[in-house]
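One file, query_17.cif, carrying mmCIF, C-alpha atoms and all ligand atoms:
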data_final
#
loop_
_atom_site.label_atom_id
_atom_site.label_comp_id
_atom_site.auth_asym_id
_atom_site.auth_seq_id
_atom_site.Cartn_x
_atom_site.Cartn_y
_atom_site.Cartn_z
CA MET F 211 -1.71 -22.22 -165.13
CA ALA F 212 -3.79 -24.64 -167.23
CA PHE F 213 -7.53 -24.39 -166.69
CA ILE F 214 -10.04 -27.23 -166.50
CA ASP F 215 -13.37 -26.65 -168.18
CA ILE F 216 -15.96 -28.98 -166.66
CA HIS F 217 -18.87 -27.97 -168.91
CA SER F 218 -18.58 -27.84 -172.70
CA HIS F 219 -20.54 -28.89 -175.78
CA LEU F 220 -17.63 -29.08 -178.20
CA LEU F 221 -18.26 -32.57 -179.58
CA PRO F 222 -19.95 -32.40 -182.99
CA GLY F 223 -23.21 -34.01 -184.06
CA LEU F 224 -24.46 -35.02 -180.62
CA ASP F 225 -26.43 -32.04 -179.33
CA ASP F 226 -26.94 -28.31 -179.99
CA GLY F 227 -23.23 -27.65 -179.48
CA SER F 228 -20.53 -27.84 -182.16
CA ARG F 229 -22.04 -28.14 -185.63
CA ASP F 230 -19.22 -30.12 -187.29
CA TRP F 231 -15.58 -31.13 -187.01
CA ASP F 232 -14.36 -27.76 -188.35
CA MET F 233 -16.12 -26.03 -185.49
CA THR F 234 -14.78 -28.55 -182.98
CA GLU F 235 -11.27 -27.88 -184.27
CA ALA F 236 -11.81 -24.12 -183.92
CA MET F 237 -13.08 -24.65 -180.36
CA LEU F 238 -10.07 -26.81 -179.49
CA ARG F 239 -7.81 -24.03 -180.78
CA GLN F 240 -9.70 -21.48 -178.70
CA ALA F 241 -9.25 -23.74 -175.67
CA LYS F 242 -5.51 -23.79 -176.30
CA GLU F 243 -5.47 -19.97 -176.62
CA ASP F 244 -7.32 -19.75 -173.32
CA ASP F 245 -4.78 -22.08 -171.69
CA ILE F 246 -7.34 -24.80 -171.03
CA GLY F 247 -5.57 -28.15 -170.59
CA CYS F 248 -8.56 -30.32 -169.88
CA ILE F 249 -12.17 -30.24 -171.02
CA ILE F 250 -15.02 -32.44 -169.86
CA ALA F 251 -17.18 -32.85 -172.95
CA THR F 252 -20.63 -32.60 -171.39
CA THR F 253 -23.01 -33.45 -174.20
CA HIS F 254 -26.69 -32.95 -173.31
CA ALA F 255 -28.44 -36.05 -171.96
CA ASP F 256 -32.21 -36.22 -171.54
CA PRO F 257 -32.72 -39.73 -170.21
CA ALA F 258 -36.42 -39.20 -169.47
CA ARG F 259 -36.99 -38.80 -173.21
CA LYS F 260 -34.30 -40.78 -174.97
CA GLU F 261 -31.38 -43.03 -174.34
CA PHE F 262 -27.98 -41.39 -174.26
CA PRO F 263 -26.02 -42.55 -177.35
CA LEU F 264 -23.05 -43.75 -175.33
CA ALA F 265 -21.30 -45.70 -178.09
CA LYS F 266 -21.51 -42.81 -180.56
CA TYR F 267 -20.52 -40.38 -177.82
CA MET F 268 -17.40 -42.37 -176.86
CA GLU F 269 -16.39 -42.78 -180.48
CA THR F 270 -16.72 -39.01 -181.04
CA LEU F 271 -14.81 -38.24 -177.84
CA GLU F 272 -11.96 -40.50 -178.87
CA LYS F 273 -11.86 -38.92 -182.34
CA ALA F 274 -11.77 -35.43 -180.80
CA ASN F 275 -8.89 -36.45 -178.52
CA LEU F 276 -7.05 -37.82 -181.52
CA LEU F 277 -7.63 -34.54 -183.38
CA SER F 278 -6.33 -32.55 -180.42
CA ARG F 279 -3.21 -34.72 -180.30
CA GLN F 280 -2.66 -34.42 -184.06
CA LEU F 281 -2.91 -30.63 -183.78
CA GLY F 282 -0.45 -30.71 -180.87
CA LEU F 283 -2.74 -28.59 -178.71
CA GLY F 284 -2.17 -30.27 -175.37
CA VAL F 285 -5.92 -30.20 -174.67
CA THR F 286 -7.29 -33.46 -173.28
CA LEU F 287 -10.98 -34.30 -173.37
CA TYR F 288 -12.72 -36.37 -170.70
CA PRO F 289 -16.17 -37.98 -170.77
CA GLY F 290 -19.20 -36.32 -169.22
CA ALA F 291 -22.78 -35.28 -169.81
CA GLU F 292 -25.13 -32.51 -168.80
CA ILE F 293 -28.18 -34.37 -167.61
CA MET F 294 -31.62 -32.78 -167.80
CA TYR F 295 -33.17 -33.82 -164.52
CA ALA F 296 -36.47 -35.63 -164.30
CA ASP F 297 -37.68 -37.90 -161.52
CA SER F 298 -36.92 -40.94 -163.64
CA VAL F 299 -33.24 -40.01 -164.05
CA THR F 300 -31.88 -41.98 -161.12
CA GLU F 301 -33.96 -45.05 -162.01
CA ARG F 302 -32.68 -44.79 -165.56
CA LEU F 303 -29.12 -44.54 -164.29
CA LEU F 304 -29.62 -47.61 -162.11
CA GLU F 305 -31.39 -49.51 -164.87
CA GLY F 306 -28.37 -49.03 -167.05
CA ASN F 307 -29.35 -46.07 -169.18
CA ARG F 308 -25.70 -45.28 -169.39
CA ILE F 309 -24.57 -41.73 -169.04
CA PRO F 310 -20.99 -40.65 -168.29
CA SER F 311 -20.37 -38.95 -164.97
CA LEU F 312 -17.93 -36.03 -164.85
CA ALA F 313 -14.58 -37.44 -166.00
CA GLY F 314 -15.35 -40.76 -164.35
CA SER F 315 -15.74 -39.12 -160.93
CA ARG F 316 -18.63 -39.55 -158.50
CA HIS F 317 -20.05 -36.22 -159.66
CA THR F 318 -22.79 -35.67 -162.23
CA LEU F 319 -23.62 -32.41 -163.94
CA ILE F 320 -27.37 -31.81 -163.85
CA GLU F 321 -29.57 -29.07 -165.22
CA PHE F 322 -33.21 -28.05 -164.89
CA TYR F 323 -35.66 -25.88 -166.76
CA PRO F 324 -35.27 -22.23 -165.64
CA GLY F 325 -38.66 -22.25 -163.87
CA VAL F 326 -37.87 -25.39 -161.85
CA LYS F 327 -39.40 -25.64 -158.38
CA TYR F 328 -37.00 -25.54 -155.46
CA ASP F 329 -38.30 -28.89 -154.16
CA THR F 330 -37.39 -30.53 -157.45
CA ILE F 331 -33.79 -29.38 -157.08
CA LEU F 332 -33.60 -30.75 -153.53
CA THR F 333 -35.18 -34.04 -154.61
CA ALA F 334 -32.69 -34.37 -157.46
CA ILE F 335 -29.75 -33.82 -155.12
CA ARG F 336 -31.08 -36.39 -152.61
CA ARG F 337 -31.88 -39.01 -155.21
CA LEU F 338 -28.47 -38.72 -156.82
CA ALA F 339 -26.81 -38.89 -153.38
CA TYR F 340 -28.80 -42.06 -152.70
CA ILE F 341 -27.13 -43.82 -155.62
CA GLY F 342 -23.72 -42.45 -154.67
CA TYR F 343 -23.39 -39.30 -156.75
CA THR F 344 -22.75 -35.69 -155.85
CA ALA F 345 -24.87 -33.35 -157.93
CA VAL F 346 -23.11 -30.47 -159.65
CA LEU F 347 -25.83 -27.99 -160.52
CA ALA F 348 -25.15 -26.50 -163.94
CA HIS F 349 -25.38 -22.71 -164.42
CA ILE F 350 -27.23 -22.08 -161.14
CA GLU F 351 -27.56 -18.40 -161.98
CA ARG F 352 -30.45 -19.36 -164.29
CA TYR F 353 -32.87 -20.63 -161.68
CA GLU F 354 -35.47 -18.19 -160.50
CA CYS F 355 -36.33 -20.20 -157.38
CA LEU F 356 -32.75 -19.63 -156.19
CA TYR F 357 -32.05 -16.04 -157.13
CA LYS F 358 -35.38 -14.90 -155.71
CA LYS F 359 -34.70 -16.59 -152.34
CA TYR F 360 -31.01 -16.34 -151.66
CA ASP F 361 -31.12 -18.33 -148.38
CA ARG F 362 -31.77 -21.42 -150.44
CA ILE F 363 -28.20 -21.33 -151.73
CA ALA F 364 -26.90 -22.08 -148.25
CA GLU F 365 -29.46 -24.86 -147.85
CA ILE F 366 -28.31 -26.42 -151.11
CA LYS F 367 -24.67 -26.10 -150.13
CA ALA F 368 -25.47 -27.86 -146.85
CA THR F 369 -26.63 -30.94 -148.80
CA GLY F 370 -23.14 -31.31 -150.27
CA ALA F 371 -24.22 -30.45 -153.81
CA LYS F 372 -21.83 -28.29 -155.82
CA LEU F 373 -22.59 -25.20 -157.82
CA GLN F 374 -21.38 -24.29 -161.30
CA VAL F 375 -21.68 -20.84 -162.86
CA ASN F 376 -21.05 -20.01 -166.54
CA CYS F 377 -18.07 -17.81 -167.42
CA GLY F 378 -20.40 -15.94 -169.79
CA SER F 379 -22.49 -14.68 -166.88
CA PHE F 380 -19.51 -12.60 -165.73
CA VAL F 381 -18.24 -11.71 -169.19
CA LYS F 382 -21.55 -10.44 -170.61
CA LYS F 383 -21.84 -7.46 -168.25
CA PRO F 384 -24.83 -8.65 -166.20
CA GLY F 385 -27.66 -6.29 -165.27
CA PHE F 386 -27.83 -4.77 -161.78
CA PHE F 387 -29.71 -7.60 -160.03
CA ALA F 388 -27.84 -10.38 -161.82
CA ALA F 389 -24.52 -8.70 -161.01
CA ARG F 390 -25.49 -8.39 -157.35
CA TYR F 391 -26.51 -12.06 -157.24
CA LEU F 392 -23.28 -13.23 -158.88
CA ASP F 393 -21.27 -11.06 -156.54
CA LYS F 394 -22.98 -12.54 -153.50
CA LEU F 395 -22.35 -16.06 -154.75
CA LEU F 396 -18.68 -15.23 -155.22
CA THR F 397 -18.12 -13.46 -151.94
CA ASP F 398 -20.01 -16.14 -149.98
CA GLY F 399 -17.71 -18.76 -151.50
CA SER F 400 -20.78 -20.58 -152.81
CA ILE F 401 -19.48 -21.25 -156.32
CA ASN F 402 -17.47 -24.44 -156.83
CA PHE F 403 -16.81 -24.27 -160.57
CA LEU F 404 -16.67 -21.68 -163.31
CA ALA F 405 -17.03 -23.30 -166.71
CA THR F 406 -17.65 -22.13 -170.26
CA ASP F 407 -20.75 -24.15 -171.28
CA ALA F 408 -19.39 -23.36 -174.77
CA HIS F 409 -21.66 -24.31 -177.67
CA SER F 410 -19.72 -22.96 -180.66
CA ASP F 411 -16.67 -20.96 -181.75
CA THR F 412 -18.72 -17.76 -182.15
CA VAL F 413 -21.87 -17.29 -180.07
CA ARG F 414 -21.50 -18.90 -176.62
CA ARG F 415 -17.81 -19.45 -177.32
CA ILE F 416 -15.00 -20.42 -174.98
CA ASN F 417 -14.41 -17.43 -172.72
CA MET F 418 -12.61 -18.82 -169.72
CA LYS F 419 -9.59 -16.53 -169.79
CA GLU F 420 -11.82 -13.47 -170.10
CA ALA F 421 -13.89 -14.55 -167.08
CA TYR F 422 -10.72 -15.42 -165.17
CA ASP F 423 -9.28 -11.94 -165.79
CA ILE F 424 -12.48 -10.31 -164.54
CA ILE F 425 -12.70 -12.41 -161.40
CA ILE F 426 -9.05 -12.48 -160.46
CA LYS F 427 -8.90 -8.66 -160.44
CA ARG F 428 -11.60 -8.60 -157.76
CA ARG F 429 -10.71 -11.80 -155.97
CA PRO F 430 -7.02 -12.68 -156.43
CA ASP F 431 -7.32 -15.96 -154.48
CA ASP F 432 -10.17 -17.44 -156.50
CA GLY F 433 -8.25 -18.90 -159.45
CA TRP F 434 -9.18 -22.39 -158.21
CA LEU F 435 -12.75 -21.81 -159.42
CA PHE F 436 -11.44 -22.50 -162.93
CA GLN F 437 -9.58 -25.67 -161.94
CA GLY F 438 -12.32 -28.27 -161.48
CA VAL F 439 -11.10 -28.70 -157.92
CA GLY F 440 -12.47 -31.76 -156.14
CA LEU F 441 -13.59 -33.75 -159.15
CA GLY F 442 -10.87 -36.36 -158.82
CA ILE F 443 -10.37 -36.49 -162.58
CA GLY F 444 -9.34 -39.92 -163.77
CA GLU F 445 -11.04 -41.86 -161.00
CA PRO F 446 -13.30 -44.47 -162.66
CA SER F 447 -17.04 -44.33 -162.18
CA PRO F 448 -18.76 -47.67 -161.41
CA ILE F 449 -21.82 -46.89 -163.56
CA VAL F 450 -19.77 -46.06 -166.61
CA THR F 451 -17.27 -48.86 -166.01
CA GLU F 452 -19.99 -51.50 -165.65
CA ALA F 453 -21.68 -50.25 -168.77
CA GLU F 454 -18.85 -51.07 -171.09
CA GLY F 455 -16.82 -53.46 -169.01
CA LYS F 456 -13.87 -51.09 -169.06
CA PRO F 457 -13.02 -47.63 -167.79
CA LEU F 458 -14.12 -44.95 -170.19
CA ILE F 459 -11.42 -42.47 -169.33
CA VAL F 460 -9.52 -41.45 -172.40
CA ALA F 461 -5.82 -41.26 -171.71
CA PRO F 462 -3.99 -38.03 -172.51
FE FE F 501 -24.55 -26.88 -171.08
#
Render the structure in this file as structure tokens.
Ligand SMILES: [Fe+2]
Amino acid sequence: MAFIDIHSHLLPGLDDGSRDWDMTEAMLRQAKEDDIGCIIATTHADPARKEFPLAKYMETLEKANLLSRQLGLGVTLYPGAEIMYADSVTERLLEGNRIPSLAGSRHTLIEFYPGVKYDTILTAIRRLAYIGYTAVLAHIERYECLYKKYDRIAEIKATGAKLQVNCGSFVKKPGFFAARYLDKLLTDGSINFLATDAHSDTVRRINMKEAYDIIIKRRPDDGWLFQGVGLGIGEPSPIVTEAEGKPLIVAP
């Protein structure tokens, strides 16, 4: 079974992820070892502070896909971004501050500072929905306002937003409370995606297979959590398409 990793910082020179092309190559090889067939390269975007370098991003993505093909790895990269939410994000998106959605789908990966207020999360979800996007909340296990009030998870799920958890949170042997929280999320069926959020080939490396092995032992039917189910990969996103006048999906 080939996995789909919807959250990864393996493109070099764009954020705090891969340092250079050697590291990107090592990460692509790790992806192959982990049986990952598709990666959404979610470079950090902080549109409240600076414009996303779309042209440079697309050029780097294309080069990384070429590298993967040359190495014969069978790992395909798709466009995406991990967007740091601020109230101005949706305006910026509408104004044409161009940021790739997740693999051209109607989903965007958004993150917050760990101490974010619950209301800010709800506002973000609503504002993105208003312009036609489903929010995928990155590494939700980080947010204090959620793990301290578990009922809020159900409220968030009721909005239609989707929840992503990092593979590392299961792999790193979480402490008692974190383990209990992760277990609840799993058994409630609240998690939609497990993704690596890989930043390098060493620390915060690709660890999808390891997380899969841990989870599948406890929950044999939950392999789909590693499959990016529901993203409709390949479907073009109007914002991205309008931005460049052509679909930005990179063919396998
Ligand atoms: Fe990330």
Self-check item: Within 7 Å of ligand FE 501 (chain F), counting only C-alpha atoms and all ligand atoms, residues as JSON, numbers by chain
Solution: {"F": [217, 218, 219, 252, 254, 292, 407]}
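The coordinates place CA of Asn376 (chain F) at 20.4 Å from CA of Thr286 (chain F).
Going from CA of Phe387 (chain F) to CA of His409 (chain F) covers 25.6 Å.
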Quiz prompt | Polymer residues at most 9 Å from Glu261 (chain F), only C-alpha atoms, same-chain spacing of 3 or more positions, as a PyMOL selection string | solution = chain F and resi 255-258+264+307-309
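Residues in contact range of Gly282 (chain F), defined as at most 12 Å between all atoms listed in the file, with sequence neighbours fewer than 2 positions away removed, read F:Glu235, F:Leu238, F:Arg239, F:Lys242, F:Gly247, F:Asn275, F:Leu276, F:Leu277, F:Ser278, F:Arg279, F:Gln280, F:Gly284, F:Val285, F:Thr286, F:Pro462.
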Self-check item: F:Arg362, F:Arg316, F:Arg352, F:Arg415 ranked by distance to Tyr328 (chain F), top pick (using all atoms listed in the file)
Solution: F:Arg362
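In this structure, CA of Leu441 (chain F) sits 25.7 Å away from CA of Tyr357 (chain F).
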Anything within 10 Å of (-8.2, -27.9, -161.9): list those residues as a compact mmCIF listing (two decimals) with C-alpha atoms, in the frame of the given file, counting only C-alpha atoms and sticking to the file's coordinates.
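point_11.txt, written as the output of this step:
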# COMPACT_ATOMS: atom_id res chain seq x y z
CA MET F 211 -1.71 -22.22 -165.13
CA ALA F 212 -3.79 -24.64 -167.23
CA PHE F 213 -7.53 -24.39 -166.69
CA ILE F 214 -10.04 -27.23 -166.50
CA ASP F 215 -13.37 -26.65 -168.18
CA ILE F 216 -15.96 -28.98 -166.66
CA ILE F 246 -7.34 -24.80 -171.03
CA GLY F 247 -5.57 -28.15 -170.59
CA CYS F 248 -8.56 -30.32 -169.88
CA PHE F 403 -16.81 -24.27 -160.57
CA GLY F 433 -8.25 -18.90 -159.45
CA TRP F 434 -9.18 -22.39 -158.21
CA LEU F 435 -12.75 -21.81 -159.42
CA PHE F 436 -11.44 -22.50 -162.93
CA GLN F 437 -9.58 -25.67 -161.94
CA GLY F 438 -12.32 -28.27 -161.48
CA VAL F 439 -11.10 -28.70 -157.92
CA GLY F 440 -12.47 -31.76 -156.14
CA LEU F 441 -13.59 -33.75 -159.15
CA GLY F 442 -10.87 -36.36 -158.82
CA ILE F 443 -10.37 -36.49 -162.58
Practice problem: Please provide the set of residues having any atom within 12 Å of Lys266 (chain F), restricted to only C-alpha atoms, with same-chain residues fewer than 6 positions apart removed, written as a ChimeraX atom specification. | Solution: /F:221-225,253,272-273,309
Self-check item: Nearest to Ala339 (chain F) by atom-to-atom distance, counting only C-alpha atoms, from F:Ala313, F:Lys358, F:Ile366, F:Thr300
Solution: F:Thr300
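Among the candidates F:Ser410, F:Leu396, F:Glu243, F:Ser298, the one nearest to Asp230 (chain F) when counting all atoms listed in the file is F:Ser410.
Contact shell of Lys367 (chain F) at 10 Å (only C-alpha atoms; same-chain neighbours under 4 positions omitted): Arg362, Ile363, Ala371, Lys372, Leu373, Ser400, Ile401 and Asn402 of chain F.
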Using the file's own x, y and z axes, what box holds all listed atoms of region 394-411 of chain F with 3 Å on each side, keeping edges along x, y and z, and what are its centre and edge lengths in Å to one decimal, as AutoDock Vina command-line options?
--center_x -19.8 --center_y -18.5 --center_z -165.9 --size_x 12.3 --size_y 17.9 --size_z 37.8
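Here the question is which of F:Ser315, F:Ile350, F:Asp244, F:Ala345 gets nearest to Ala421 (chain F) using all atoms listed in the file, and that residue is F:Asp244.
Summary of the local environment: counting only C-alpha atoms, residues at most 9 Å from Phe322 (chain F), other than itself and those fewer than 2 positions away along its chain, are Ile293, Met294, Tyr295, Ala296, Ile320, Pro324, Gly325, Val326, Thr330, Ile331, Leu347, Ala348 and Tyr353 of chain F.
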